[in-house]
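Q: Contents of run-v1.txt (compact mmCIF, C-alpha atoms and all ligand atoms):
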```txt
# COMPACT_ATOMS: atom_id res chain seq x y z
CA MET X 1 6.93 -24.47 -21.03
CA TYR X 2 10.54 -23.53 -20.53
CA GLN X 3 12.28 -24.56 -23.73
CA GLN X 4 15.75 -23.14 -23.92
CA PRO X 5 17.93 -23.00 -25.91
CA ASP X 6 16.61 -23.01 -29.48
CA GLN X 7 18.31 -25.24 -32.06
CA TYR X 8 21.05 -22.65 -32.60
CA GLY X 9 21.88 -22.42 -28.92
CA HIS X 10 20.03 -19.18 -28.12
CA PHE X 11 18.64 -18.56 -24.66
CA GLY X 12 16.38 -15.64 -25.57
CA ILE X 13 18.79 -13.19 -27.19
CA PHE X 14 21.83 -14.72 -25.48
CA GLY X 15 24.17 -17.62 -26.29
CA GLY X 16 24.70 -18.72 -29.88
CA ARG X 17 27.89 -19.86 -31.57
CA TYR X 18 30.28 -16.98 -32.24
CA ALA X 19 33.32 -19.04 -33.12
CA PRO X 20 36.05 -18.85 -35.76
CA GLU X 21 35.21 -20.75 -38.93
CA VAL X 22 37.90 -23.34 -38.27
CA LEU X 23 36.12 -24.45 -35.06
CA ILE X 24 32.63 -24.83 -36.54
CA PRO X 25 33.12 -28.45 -37.75
CA ALA X 26 34.42 -29.43 -34.28
CA LEU X 27 31.46 -27.75 -32.55
CA GLU X 28 29.08 -29.49 -34.94
CA GLU X 29 30.77 -32.81 -34.21
CA VAL X 30 30.40 -32.28 -30.45
CA GLU X 31 26.75 -31.30 -30.91
CA LYS X 32 26.00 -34.34 -33.09
CA SER X 33 27.71 -36.66 -30.66
CA PHE X 34 25.85 -35.10 -27.70
CA VAL X 35 22.44 -35.28 -29.44
CA GLU X 36 22.99 -38.94 -30.35
CA ALA X 37 24.33 -39.84 -26.91
CA ARG X 38 21.27 -38.35 -25.19
CA LYS X 39 19.06 -40.75 -27.12
CA ASP X 40 21.26 -43.76 -26.41
CA PRO X 41 20.20 -45.72 -23.29
CA GLN X 42 23.71 -47.21 -23.04
CA PHE X 43 25.24 -43.72 -22.75
CA GLU X 44 22.81 -42.84 -19.95
CA LYS X 45 23.64 -46.14 -18.23
CA ASP X 46 27.41 -45.54 -18.50
CA PHE X 47 27.06 -41.96 -17.22
CA ILE X 48 24.97 -43.04 -14.23
CA ASP X 49 27.35 -45.89 -13.50
CA LEU X 50 30.37 -43.56 -13.44
CA THR X 51 28.71 -40.82 -11.39
CA GLN X 52 27.47 -43.38 -8.84
CA ASN X 53 30.27 -45.90 -8.58
CA TYR X 54 33.28 -43.75 -9.43
CA SER X 55 32.22 -40.37 -8.10
CA GLY X 56 29.80 -41.26 -5.30
CA ARG X 57 26.43 -39.89 -6.40
CA PRO X 58 23.85 -39.18 -5.23
CA THR X 59 25.52 -36.60 -3.00
CA PRO X 60 23.75 -36.12 0.35
CA LEU X 61 21.35 -33.33 1.19
CA TYR X 62 22.18 -32.42 4.75
CA PHE X 63 19.92 -30.60 7.22
CA ALA X 64 22.22 -28.06 8.91
CA LYS X 65 20.62 -28.18 12.34
CA ASN X 66 23.20 -26.02 14.11
CA LEU X 67 23.24 -23.26 11.53
CA THR X 68 19.44 -23.29 11.44
CA LYS X 69 19.38 -22.91 15.22
CA HIS X 70 22.09 -20.26 15.12
CA PHE X 71 20.02 -17.99 12.87
CA GLY X 72 16.64 -18.92 14.35
CA GLY X 73 14.80 -18.54 11.04
CA ALA X 74 14.43 -20.68 7.92
CA GLN X 75 15.63 -24.30 7.83
CA ILE X 76 18.97 -24.56 6.06
CA TYR X 77 19.75 -27.65 3.96
CA ILE X 78 23.14 -28.12 2.30
CA LYS X 79 23.58 -30.05 -0.94
CA ARG X 80 26.94 -31.75 -0.51
CA GLU X 81 28.51 -31.58 -3.98
CA ASP X 82 31.85 -31.35 -2.17
CA LEU X 83 31.51 -35.07 -1.42
CA ASN X 84 31.94 -35.95 -5.07
CA HIS X 85 35.21 -37.61 -6.09
CA THR X 86 37.80 -34.78 -6.54
CA GLY X 87 35.81 -32.54 -4.20
CA ALA X 88 33.42 -30.57 -6.38
CA HIS X 89 30.54 -30.71 -8.85
CA LYS X 90 32.98 -30.33 -11.77
CA ILE X 91 33.68 -34.09 -12.03
CA THR X 92 30.11 -34.81 -13.19
CA ASN X 93 30.49 -32.72 -16.35
CA ALA X 94 34.03 -33.98 -16.92
CA LEU X 95 32.83 -37.61 -16.79
CA GLY X 96 29.93 -36.88 -19.15
CA GLN X 97 32.16 -35.17 -21.70
CA GLY X 98 34.80 -37.88 -21.20
CA LEU X 99 32.26 -40.45 -22.40
CA LEU X 100 31.57 -38.26 -25.45
CA VAL X 101 35.31 -38.06 -26.19
CA GLU X 102 35.38 -41.88 -26.31
CA ARG X 103 32.43 -41.86 -28.74
CA MET X 104 34.16 -39.26 -30.94
CA GLY X 105 37.41 -41.25 -30.86
CA LYS X 106 39.57 -38.27 -29.84
CA LYS X 107 42.90 -38.95 -28.16
CA ARG X 108 43.64 -35.65 -26.45
CA ILE X 109 41.70 -33.38 -24.11
CA ILE X 110 42.35 -29.81 -23.04
CA ALA X 111 40.63 -27.68 -20.44
CA GLU X 112 40.73 -24.31 -18.70
CA THR X 113 40.65 -23.97 -14.96
CA GLY X 114 40.43 -21.18 -12.40
CA ALA X 115 40.11 -22.73 -8.95
CA GLY X 116 41.72 -25.87 -10.29
CA GLN X 117 38.68 -28.04 -9.51
CA HIS X 118 37.74 -28.43 -13.17
CA GLY X 119 41.41 -29.00 -13.95
CA VAL X 120 41.63 -31.79 -11.39
CA ALA X 121 38.35 -33.29 -12.64
CA THR X 122 39.62 -33.24 -16.25
CA ALA X 123 43.03 -34.63 -15.26
CA THR X 124 41.19 -37.42 -13.43
CA VAL X 125 39.12 -38.27 -16.49
CA GLY X 126 42.25 -38.07 -18.65
CA ALA X 127 44.02 -40.59 -16.41
CA LYS X 128 41.01 -42.87 -16.21
CA LEU X 129 40.36 -42.92 -19.96
CA GLY X 130 44.02 -42.93 -21.00
CA LEU X 131 43.88 -39.57 -22.81
CA GLU X 132 46.65 -37.04 -23.25
CA CYS X 133 45.63 -34.02 -21.20
CA ARG X 134 46.71 -30.38 -20.99
CA ILE X 135 45.17 -27.89 -18.56
CA TYR X 136 45.43 -24.14 -19.12
CA MET X 137 45.63 -22.06 -15.96
CA GLY X 138 46.45 -18.39 -15.35
CA ILE X 139 49.70 -17.91 -13.43
CA ASP X 140 47.91 -15.97 -10.69
CA ASP X 141 45.54 -18.91 -10.20
CA ILE X 142 48.46 -21.36 -10.24
CA LYS X 143 49.88 -19.44 -7.29
CA ARG X 144 46.66 -19.26 -5.29
CA GLN X 145 45.44 -22.83 -5.97
CA ARG X 146 48.78 -24.66 -5.81
CA PRO X 147 47.47 -27.89 -4.17
CA ASN X 148 45.27 -28.58 -7.21
CA VAL X 149 48.19 -27.97 -9.61
CA PHE X 150 50.15 -30.63 -7.73
CA TRP X 151 47.39 -33.23 -8.15
CA MET X 152 46.80 -32.47 -11.83
CA GLU X 153 50.49 -33.01 -12.56
CA GLN X 154 50.65 -36.18 -10.45
CA MET X 155 47.79 -37.61 -12.49
CA GLY X 156 49.85 -37.15 -15.63
CA SER X 157 48.40 -33.91 -17.00
CA GLU X 158 50.43 -30.96 -18.17
CA VAL X 159 49.47 -27.71 -16.44
CA PHE X 160 50.22 -24.94 -18.90
CA PRO X 161 50.79 -21.53 -17.25
CA VAL X 162 48.95 -18.67 -18.98
CA GLU X 163 50.74 -15.35 -18.64
CA ASP X 164 48.43 -13.14 -20.76
CA GLY X 165 45.92 -10.55 -19.63
CA MET X 166 44.72 -10.82 -16.05
CA LYS X 167 46.47 -14.22 -15.72
CA THR X 168 43.22 -15.78 -14.48
CA LEU X 169 40.27 -17.80 -15.79
CA LYS X 170 39.32 -15.67 -18.83
CA ASP X 171 42.88 -15.89 -20.12
CA ALA X 172 42.95 -19.66 -19.56
CA VAL X 173 39.76 -20.01 -21.67
CA ASN X 174 41.37 -17.92 -24.46
CA ALA X 175 44.49 -20.09 -24.41
CA ALA X 176 42.42 -23.30 -24.51
CA LEU X 177 40.41 -21.97 -27.48
CA ARG X 178 43.66 -21.15 -29.31
CA ASP X 179 44.94 -24.69 -28.70
CA TRP X 180 41.65 -26.17 -29.95
CA ILE X 181 41.85 -24.13 -33.15
CA THR X 182 45.37 -25.48 -33.78
CA ASN X 183 44.73 -29.12 -32.85
CA VAL X 184 41.08 -29.52 -33.71
CA GLY X 185 41.55 -32.90 -35.46
CA ASP X 186 42.52 -35.04 -32.47
CA THR X 187 41.55 -32.80 -29.52
CA HIS X 188 38.37 -32.17 -27.53
CA TYR X 189 38.04 -29.00 -25.48
CA LEU X 190 36.46 -30.25 -22.25
CA LEU X 191 34.94 -26.93 -21.21
CA GLY X 192 34.19 -26.71 -17.51
CA SER X 193 31.23 -24.39 -17.17
CA ALA X 194 27.89 -23.59 -18.81
CA LEU X 195 29.44 -21.07 -21.19
CA GLY X 196 31.23 -20.87 -24.53
CA PRO X 197 29.76 -21.50 -27.98
CA HIS X 198 26.76 -23.82 -28.52
CA PRO X 199 26.42 -26.68 -27.55
CA PHE X 200 28.54 -26.22 -24.39
CA PRO X 201 26.04 -24.26 -22.24
CA GLU X 202 23.26 -26.76 -22.95
CA MET X 203 25.52 -29.79 -22.66
CA VAL X 204 27.12 -28.78 -19.36
CA ARG X 205 23.62 -28.01 -17.98
CA TYR X 206 22.46 -31.45 -19.09
CA PHE X 207 25.19 -33.21 -17.12
CA GLN X 208 24.97 -30.96 -14.05
CA SER X 209 21.16 -30.98 -13.82
CA VAL X 210 21.48 -34.20 -11.83
CA ILE X 211 22.09 -31.86 -8.84
CA GLY X 212 18.59 -30.35 -8.97
CA LYS X 213 16.96 -33.69 -9.76
CA GLU X 214 18.48 -35.25 -6.66
CA VAL X 215 17.60 -32.22 -4.50
CA LYS X 216 13.96 -32.37 -5.58
CA GLN X 217 13.63 -35.96 -4.46
CA GLN X 218 15.71 -35.55 -1.30
CA ILE X 219 13.96 -32.43 -0.03
CA LYS X 220 10.52 -33.97 -0.55
CA GLU X 221 11.63 -36.93 1.56
CA GLN X 222 13.29 -34.82 4.26
CA ALA X 223 11.19 -31.66 4.49
CA GLY X 224 7.99 -33.00 2.96
CA LYS X 225 7.81 -30.18 0.41
CA LEU X 226 9.75 -28.31 -2.27
CA PRO X 227 12.28 -25.73 -1.07
CA ASP X 228 11.23 -22.09 -0.81
CA TYR X 229 14.71 -20.98 -1.90
CA CYS X 230 17.56 -22.56 -3.84
CA ILE X 231 20.85 -20.69 -3.58
CA ALA X 232 24.08 -21.28 -5.52
CA CYS X 233 27.23 -19.36 -6.38
CA VAL X 234 27.70 -18.31 -10.01
CA GLY X 235 31.07 -18.27 -11.73
CA GLY X 236 30.53 -19.38 -15.31
CA GLY X 237 27.28 -20.82 -14.04
CA SER X 238 27.39 -24.63 -14.01
CA ASN X 239 26.68 -25.63 -10.39
CA SER X 240 23.91 -23.03 -10.21
CA ILE X 241 22.20 -24.00 -13.46
CA GLY X 242 22.62 -27.63 -12.40
CA LEU X 243 20.63 -26.89 -9.25
CA PHE X 244 18.12 -24.46 -10.79
CA HIS X 245 17.17 -26.26 -14.00
CA GLU X 246 14.90 -28.80 -12.34
CA PHE X 247 13.00 -26.02 -10.54
CA ILE X 248 12.48 -23.51 -13.38
CA GLU X 249 8.83 -24.55 -13.81
CA ASP X 250 8.17 -24.57 -10.05
CA LYS X 251 7.31 -20.90 -9.80
CA ASP X 252 7.01 -20.91 -5.99
CA VAL X 253 10.65 -21.91 -5.62
CA GLU X 254 12.77 -18.77 -5.54
CA LEU X 255 16.11 -19.28 -7.29
CA ILE X 256 19.03 -17.10 -6.25
CA GLY X 257 22.45 -16.90 -7.91
CA VAL X 258 25.28 -15.34 -5.93
CA GLU X 259 28.12 -13.64 -7.78
CA ALA X 260 31.48 -12.44 -6.48
CA GLY X 261 31.11 -8.94 -5.05
CA GLY X 262 34.86 -8.89 -4.30
CA LEU X 263 35.81 -5.62 -2.61
CA GLY X 264 32.55 -3.91 -3.69
CA VAL X 265 30.60 -3.49 -6.92
CA GLU X 266 31.10 0.26 -7.40
CA ALA X 267 34.59 0.10 -8.94
CA ASN X 268 35.92 -2.90 -10.86
CA ASP X 269 37.20 -4.97 -7.95
CA HIS X 270 34.51 -7.61 -8.34
CA ALA X 271 33.09 -10.17 -10.77
CA ALA X 272 29.39 -9.23 -10.48
CA ARG X 273 28.18 -9.39 -14.06
CA PHE X 274 24.68 -8.25 -13.16
CA ALA X 275 25.20 -5.84 -10.26
CA GLY X 276 28.43 -4.33 -11.59
CA LYS X 277 28.27 -0.78 -12.97
CA ASN X 278 30.76 -1.81 -15.69
CA SER X 279 28.51 -4.54 -17.13
CA GLY X 280 26.82 -4.69 -20.52
CA ILE X 281 25.77 -7.15 -23.20
CA GLY X 282 28.60 -8.30 -25.43
CA ILE X 283 30.07 -11.22 -27.34
CA PHE X 284 32.87 -12.99 -25.55
CA GLN X 285 34.58 -16.36 -25.90
CA GLY X 286 32.02 -17.65 -28.39
CA TYR X 287 28.74 -16.57 -26.78
CA LYS X 288 26.55 -13.51 -26.20
CA SER X 289 25.90 -12.55 -22.60
CA TYR X 290 26.41 -9.90 -19.95
CA VAL X 291 30.12 -9.13 -19.76
CA LEU X 292 32.18 -6.85 -17.54
CA GLN X 293 33.69 -4.30 -19.90
CA THR X 294 35.35 -0.92 -20.13
CA GLU X 295 33.64 2.07 -21.78
CA GLU X 296 35.48 1.16 -25.00
CA GLY X 297 34.06 -2.37 -24.88
CA GLN X 298 37.30 -4.12 -23.84
CA ILE X 299 37.00 -6.86 -21.23
CA ASP X 300 37.41 -5.26 -17.81
CA LYS X 301 39.55 -6.53 -14.98
CA THR X 302 37.88 -8.60 -12.27
CA HIS X 303 38.60 -9.51 -8.69
CA SER X 304 37.38 -12.18 -6.30
CA VAL X 305 38.87 -13.95 -3.30
CA SER X 306 37.79 -17.13 -5.08
CA ALA X 307 39.53 -18.06 -8.34
CA GLY X 308 36.49 -19.98 -9.59
CA LEU X 309 34.21 -16.91 -9.62
CA ASP X 310 36.85 -14.48 -10.88
CA TYR X 311 35.56 -14.26 -14.47
CA ALA X 312 34.24 -11.39 -16.64
CA GLY X 313 31.52 -13.31 -18.53
CA ILE X 314 28.61 -15.46 -17.39
CA GLY X 315 26.89 -18.44 -19.01
CA PRO X 316 24.24 -17.17 -21.46
CA GLU X 317 21.31 -18.96 -19.85
CA HIS X 318 21.89 -16.94 -16.69
CA SER X 319 21.63 -13.71 -18.68
CA HIS X 320 18.30 -14.93 -20.04
CA LEU X 321 17.07 -15.97 -16.59
CA TYR X 322 18.16 -12.58 -15.25
CA ASP X 323 16.37 -10.62 -17.98
CA THR X 324 13.19 -12.69 -17.63
CA GLY X 325 13.35 -12.35 -13.83
CA ARG X 326 13.01 -16.11 -13.17
CA VAL X 327 16.27 -16.14 -11.23
CA LYS X 328 17.32 -13.36 -8.86
CA TYR X 329 21.02 -12.53 -8.73
CA THR X 330 22.88 -10.95 -5.87
CA TYR X 331 26.49 -10.85 -4.73
CA ALA X 332 28.61 -11.51 -1.64
CA LEU X 333 31.65 -9.47 -0.64
CA ASP X 334 35.01 -11.16 0.04
CA GLU X 335 34.87 -10.28 3.74
CA ASP X 336 31.38 -11.79 4.18
CA VAL X 337 32.51 -14.90 2.33
CA ILE X 338 35.33 -15.48 4.82
CA LYS X 339 32.93 -14.92 7.73
CA ALA X 340 30.44 -17.42 6.27
CA LEU X 341 33.18 -19.97 5.79
CA LYS X 342 34.35 -19.60 9.38
CA LEU X 343 30.83 -19.96 10.74
CA SER X 344 30.19 -23.11 8.65
CA MET X 345 33.36 -24.69 10.02
CA GLN X 346 32.56 -23.79 13.60
CA GLU X 347 28.84 -24.63 13.61
CA GLU X 348 28.71 -27.67 11.32
CA GLY X 349 32.30 -28.90 10.88
CA ILE X 350 31.93 -28.28 7.16
CA ILE X 351 34.59 -26.56 5.02
CA PRO X 352 33.00 -25.08 1.90
CA ALA X 353 35.18 -23.90 -1.00
CA LEU X 354 35.55 -20.13 -1.22
CA GLU X 355 33.30 -20.24 -4.29
CA SER X 356 30.53 -22.10 -2.44
CA SER X 357 30.96 -19.81 0.57
CA HIS X 358 29.42 -17.02 -1.53
CA ALA X 359 26.16 -18.99 -1.59
CA PHE X 360 26.50 -19.64 2.15
CA ALA X 361 27.02 -15.92 2.83
CA HIS X 362 23.75 -15.04 1.13
CA ALA X 363 21.86 -17.92 2.79
CA PHE X 364 23.07 -16.64 6.17
CA LYS X 365 21.78 -13.15 5.36
CA LEU X 366 18.42 -14.48 4.26
CA ALA X 367 17.71 -17.20 6.87
CA PRO X 368 17.16 -14.92 9.91
CA THR X 369 14.64 -12.80 7.94
CA LEU X 370 12.40 -15.81 7.26
CA SER X 371 9.99 -17.82 9.39
CA LYS X 372 10.90 -21.29 10.69
CA ASP X 373 8.64 -23.11 8.22
CA LYS X 374 10.63 -21.83 5.23
CA VAL X 375 13.23 -24.07 3.60
CA ILE X 376 16.49 -22.96 2.01
CA VAL X 377 18.70 -25.29 -0.04
CA VAL X 378 22.23 -24.02 -0.48
CA ASN X 379 24.60 -25.73 -2.87
CA GLN X 380 28.01 -26.56 -1.49
CA SER X 381 29.64 -26.82 -4.91
CA GLY X 382 33.03 -27.85 -3.54
CA ARG X 383 35.24 -28.41 -0.53
CA GLY X 384 37.61 -25.80 0.83
CA ASP X 385 40.80 -27.86 1.26
CA LYS X 386 42.30 -26.29 -1.87
CA ASP X 387 41.90 -22.83 -0.31
CA ILE X 388 44.02 -23.51 2.76
CA PHE X 389 46.62 -20.86 1.86
CA ILE X 390 44.06 -18.09 1.24
CA ILE X 391 41.91 -19.01 4.24
CA ALA X 392 44.87 -19.25 6.62
CA GLU X 393 46.02 -15.82 5.40
CA ALA X 394 42.54 -14.28 5.74
CA LEU X 395 42.11 -15.75 9.23
CA LYS X 396 45.65 -14.59 10.13
CA ASP X 397 46.63 -18.03 11.41
CA LYS X 398 50.14 -17.56 12.79
CA LYS X 399 50.77 -21.26 13.47
CA TRP X 400 50.15 -22.07 9.78
CA LYS X 401 52.57 -19.31 8.72
CA ASP X 402 55.24 -20.67 11.06
CA PHE X 403 54.65 -24.15 9.67
CA LEU X 404 55.11 -22.89 6.10
CA LYS X 405 58.41 -21.32 7.06
CA THR X 406 59.69 -24.67 8.34
CA GLN X 407 58.58 -26.37 5.11
CA SER X 408 60.37 -23.96 2.80
CA LYS X 409 63.80 -24.66 4.34
C1 LIG X 501 34.02 -25.39 -6.05
C2 LIG X 501 33.61 -24.49 -7.17
N1 LIG X 501 32.38 -23.94 -7.13
C3 LIG X 501 31.96 -23.10 -8.12
C4 LIG X 501 32.77 -22.78 -9.18
C5 LIG X 501 32.28 -21.84 -10.22
O1 LIG X 501 31.95 -22.47 -11.44
P1 LIG X 501 30.47 -22.66 -11.90
O2 LIG X 501 29.80 -21.33 -11.83
O3 LIG X 501 30.62 -23.15 -13.30
O4 LIG X 501 29.81 -23.66 -11.02
C6 LIG X 501 34.06 -23.37 -9.27
C7 LIG X 501 34.94 -23.05 -10.40
O5 LIG X 501 36.09 -23.37 -10.47
C8 LIG X 501 34.48 -24.24 -8.24
O6 LIG X 501 35.69 -24.81 -8.25
```
Could you render the structure as structure tokens?

A:
Amino acid sequence: MYQQPDQYGHFGIFGGRYAPEVLIPALEEVEKSFVEARKDPQFEKDFIDLTQNYSGRPTPLYFAKNLTKHFGGAQIYIKREDLNHTGAHKITNALGQGLLVERMGKKRIIAETGAGQHGVATATVGAKLGLECRIYMGIDDIKRQRPNVFWMEQMGSEVFPVEDGMKTLKDAVNAALRDWITNVGDTHYLLGSALGPHPFPEMVRYFQSVIGKEVKQQIKEQAGKLPDYCIACVGGGSNSIGLFHEFIEDKDVELIGVEAGGLGVEANDHAARFAGKNSGIGIFQGYKSYVLQTEEGQIDKTHSVSAGLDYAGIGPEHSHLYDTGRVKYTYALDEDVIKALKLSMQEEGIIPALESSHAFAHAFKLAPTLSKDKVIVVNQSGRGDKDIFIIAEALKDKKWKDFLKTQSK
């Protein structure tokens, strides 16, 4: 039986709670509240009600007939997490933790964001529940995901620019942790991925595992069997663990996580925590896991075309699943991600987020090598509207550039 984590938040040797003393009472409070809520049928009812009637679950599982035909191999099914309210899987976790905030009686929430999808989801929950909300975001991510910054601010949240370090997701997490330490009495840190100190990895998995539960039922109805492959992109690891968790015991289902290969995994222009040459086990932002690091053990720089995968650490459960071999991890290069995105738009009229397009890129590599009776489920964790500036630049769309010039007058 797969029973992870243990009571101290360890997934094998990974995970745990490596936090400053001042945060321990807050982490214990979150854990207590989460453990109690899980046993409370009313909490489950409220969570289901919000995810269904506010966010639109269950999200569809769509048979991508044209892409399947295009590759002439395995059947490709797409789990449409992009059709959630706010356009990504992140809202599910934000709603779940929002309900916990109400139980704990906290008045203020903070969050980190890279692609801005978790920021928008948290800002949404803040507006809905009437909570004061501050989102930490690296200034490089603010520039590349501007549309999401606009919406967060319109919903009444403060977007706090983080200028330290790489000015991306890792630095936003550090800034959020510093805020939590200072304001621990009235504030909840609504962490957006399956990482950080215990109980966050387990708690975020709990909320996101609805993805895999739905897929299991939907694929049985549509394909008449379990999938042969489940594929998801891995930033911190929440949409992937949400898809995989339900299938861990189904040994015939191959689970594949796709990291950001960036410009290539040889140097440090990537965020491939398993394939990268500069990766090793370390303790980072409250948990033990594989981390991209320099020879001296400092956090190394990362690169990805997608802000949401541009992160040096990885949720601890993934490190455990990697070491035990239950999940296979690979990576997709920036250039293949853009190609996959273009093909999805042209064949299916679907615009996956750059993060999700990593999973698509690997599915497209795999599908033609398999026979037609095989079934692949690929998780479309979010929609690509937020990426319009990066995509238009990558596709060298002159008309868009001309349009931007007229707007800046
Ligand atoms: C659409 C989308 N997919 C995936 C990710 C990566 O996060 P995770 O690995 O936690 O799913 C993000 C992060 O911002 C995202 O916005």

Q: Write out as a ChimeraX atom specification each polymer residue whose atoms come within 10 Å of Gly286 in chain X, counting all atoms listed in the file; drop sequence neighbours fewer than 4 positions from it.

A: /X:15-20,177,195-198

Q: Taking all atoms listed in the file and a cut-off of 7 Å, can you tell me which residues surround ligand LIG 501 (chain X), written as a PyMOL selection string?

A: chain X and resi 88-89+113-118+192-194+233-240+307-309+353+355-356+381-383

Q: Have a look at X:Ile91, X:Val101, X:Ala121, X:Leu61 and name the one nearest to Glu29 in chain X; count only C-alpha atoms.

A: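 Closest to Glu29 in chain X, using only C-alpha atoms: X:Val101.
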
Q: With all atoms listed in the file as the basis for distance, which of X:His245, X:Lys65, X:Lys386, X:Lys401 is at the shortest distance from Ile142 in chain X?

A: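 Closest to Ile142 in chain X, using all atoms listed in the file: X:Lys386.
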
Q: Between X:Val291, X:Ile314, X:Leu100, X:Ala272, which residue has the minimum interatomic distance to Thr330 in chain X, considering all atoms listed in the file?

A: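 Closest to Thr330 in chain X, using all atoms listed in the file: X:Ala272.
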
Q: Work out how far apart CA of Glu112 in chain X and CA of Leu191 in chain X are and give it in Å to one decimal.

A: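 CA of Glu112 in chain X sits 6.8 Å away from CA of Leu191 in chain X.
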
Q: What does the distance between CA of Asp82 in chain X and CA of Ile109 in chain X come to in Å, to one decimal place?

A: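 These atoms are spaced 24.1 Å apart.
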
Q: Would you mind telling me which residue in X:Val162, X:Val173, X:Cys133, X:Val210 lies nearest to Thr92 in chain X when using all atoms listed in the file?

A: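 Of X:Val162, X:Val173, X:Cys133, X:Val210, the one nearest Thr92 in chain X, counting all atoms listed in the file, is X:Val210.
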
Q: One decimal, Å: what's the distance from CA of Trp180 in chain X over to CA of Gln285 in chain X, could you say?

A: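 Distance between the two atoms: 12.8 Å.
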
Q: What would the list of residues within 7 Å of (37.6, -16.5, -17.8) (file frame) look like as a ChimeraX atom specification, if all atoms listed in the file are what count?

A: /X:168-173,311-313

Q: Just the selected residues (C-alpha atoms), exported as a PDB file, keeping the file's coordinate frame, please.

A:
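Result file is again-v1.pdb:
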```pdb
ATOM      1  CA  THR X 168      43.220 -15.780 -14.480  1.00  0.00           C
ATOM      2  CA  LEU X 169      40.270 -17.800 -15.790  1.00  0.00           C
ATOM      3  CA  LYS X 170      39.320 -15.670 -18.830  1.00  0.00           C
ATOM      4  CA  ASP X 171      42.880 -15.890 -20.120  1.00  0.00           C
ATOM      5  CA  ALA X 172      42.950 -19.660 -19.560  1.00  0.00           C
ATOM      6  CA  VAL X 173      39.760 -20.010 -21.670  1.00  0.00           C
ATOM      7  CA  TYR X 311      35.560 -14.260 -14.470  1.00  0.00           C
ATOM      8  CA  ALA X 312      34.240 -11.390 -16.640  1.00  0.00           C
ATOM      9  CA  GLY X 313      31.520 -13.310 -18.530  1.00  0.00           C
TER      10      GLY X 313
END
```

Q: Between X:Val184, X:Leu321, X:Ile256, X:Leu99, which residue has the minimum interatomic distance to Asp46 in chain X, considering only C-alpha atoms?

A: X:Leu99

Q: Glu317 in chain X: which residues within 8 Å, counting only C-alpha atoms, same-chain residues fewer than 5 positions away excluded, as a list in words?

A: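 The residues that qualify are Phe11, Phe14, Gly15 and Pro201 of chain X.
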
Q: Find the residue from X:His318, X:Thr302, X:Ala37, X:Lys372 that sits nearest to Gly12 in chain X; use all atoms listed in the file when measuring.

A: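 The shortest atom-to-atom distance to Gly12 in chain X comes from X:His318.
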
Q: Residues near Asp269 in chain X, anyone? I mean within 8 Å using only C-alpha atoms, not counting same-chain ones fewer than 3 positions away, as a PDB file with C-alpha atoms, in the frame of the given file.

A:
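This went into result_8.pdb:
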```
ATOM      1  CA  GLY X 261      31.110  -8.940  -5.050  1.00  0.00           C
ATOM      2  CA  GLY X 262      34.860  -8.890  -4.300  1.00  0.00           C
ATOM      3  CA  LEU X 263      35.810  -5.620  -2.610  1.00  0.00           C
ATOM      4  CA  GLY X 264      32.550  -3.910  -3.690  1.00  0.00           C
ATOM      5  CA  VAL X 265      30.600  -3.490  -6.920  1.00  0.00           C
ATOM      6  CA  LYS X 301      39.550  -6.530 -14.980  1.00  0.00           C
ATOM      7  CA  THR X 302      37.880  -8.600 -12.270  1.00  0.00           C
ATOM      8  CA  HIS X 303      38.600  -9.510  -8.690  1.00  0.00           C
ATOM      9  CA  SER X 304      37.380 -12.180  -6.300  1.00  0.00           C
TER      10      SER X 304
END
```

Q: Compile a residue-level contact table for range 194-263 of chain X against range 71-81 of chain X at a cut-off of 12 Å, reporting for every qualifying residue the shortest atom pair and its distance in Å to one decimal, with all atoms listed in the file counted, rows ordered by chain and ascending number, as JSON lines.

A:
```
{"residue": "X:Gln208", "atom": "CA", "partner": "X:Glu81", "partner_atom": "CA", "distance": 10.7}
{"residue": "X:Val210", "atom": "CA", "partner": "X:Glu81", "partner_atom": "CA", "distance": 10.9}
{"residue": "X:Ile211", "atom": "CA", "partner": "X:Glu81", "partner_atom": "CA", "distance": 8.1}
{"residue": "X:Gly212", "atom": "CA", "partner": "X:Lys79", "partner_atom": "CA", "distance": 9.5}
{"residue": "X:Lys213", "atom": "CA", "partner": "X:Lys79", "partner_atom": "CA", "distance": 11.6}
{"residue": "X:Glu214", "atom": "CA", "partner": "X:Lys79", "partner_atom": "CA", "distance": 9.3}
{"residue": "X:Val215", "atom": "CA", "partner": "X:Lys79", "partner_atom": "CA", "distance": 7.3}
{"residue": "X:Lys216", "atom": "CA", "partner": "X:Lys79", "partner_atom": "CA", "distance": 10.9}
{"residue": "X:Gln218", "atom": "CA", "partner": "X:Lys79", "partner_atom": "CA", "distance": 9.6}
{"residue": "X:Ile219", "atom": "CA", "partner": "X:Tyr77", "partner_atom": "CA", "distance": 8.5}
{"residue": "X:Gln222", "atom": "CA", "partner": "X:Tyr77", "partner_atom": "CA", "distance": 9.7}
{"residue": "X:Ala223", "atom": "CA", "partner": "X:Gln75", "partner_atom": "CA", "distance": 9.2}
{"residue": "X:Leu226", "atom": "CA", "partner": "X:Tyr77", "partner_atom": "CA", "distance": 11.8}
{"residue": "X:Pro227", "atom": "CA", "partner": "X:Tyr77", "partner_atom": "CA", "distance": 9.2}
{"residue": "X:Asp228", "atom": "CA", "partner": "X:Ala74", "partner_atom": "CA", "distance": 9.4}
{"residue": "X:Tyr229", "atom": "CA", "partner": "X:Ile76", "partner_atom": "CA", "distance": 9.7}
{"residue": "X:Cys230", "atom": "CA", "partner": "X:Tyr77", "partner_atom": "CA", "distance": 9.6}
{"residue": "X:Ile231", "atom": "CA", "partner": "X:Ile78", "partner_atom": "CA", "distance": 9.7}
{"residue": "X:Ala232", "atom": "CA", "partner": "X:Lys79", "partner_atom": "CA", "distance": 9.9}
{"residue": "X:Asn239", "atom": "CA", "partner": "X:Glu81", "partner_atom": "CA", "distance": 8.9}
{"residue": "X:Ser240", "atom": "CA", "partner": "X:Glu81", "partner_atom": "CA", "distance": 11.5}
{"residue": "X:Gly242", "atom": "CA", "partner": "X:Glu81", "partner_atom": "CA", "distance": 11.0}
{"residue": "X:Leu243", "atom": "CA", "partner": "X:Lys79", "partner_atom": "CA", "distance": 9.4}
```
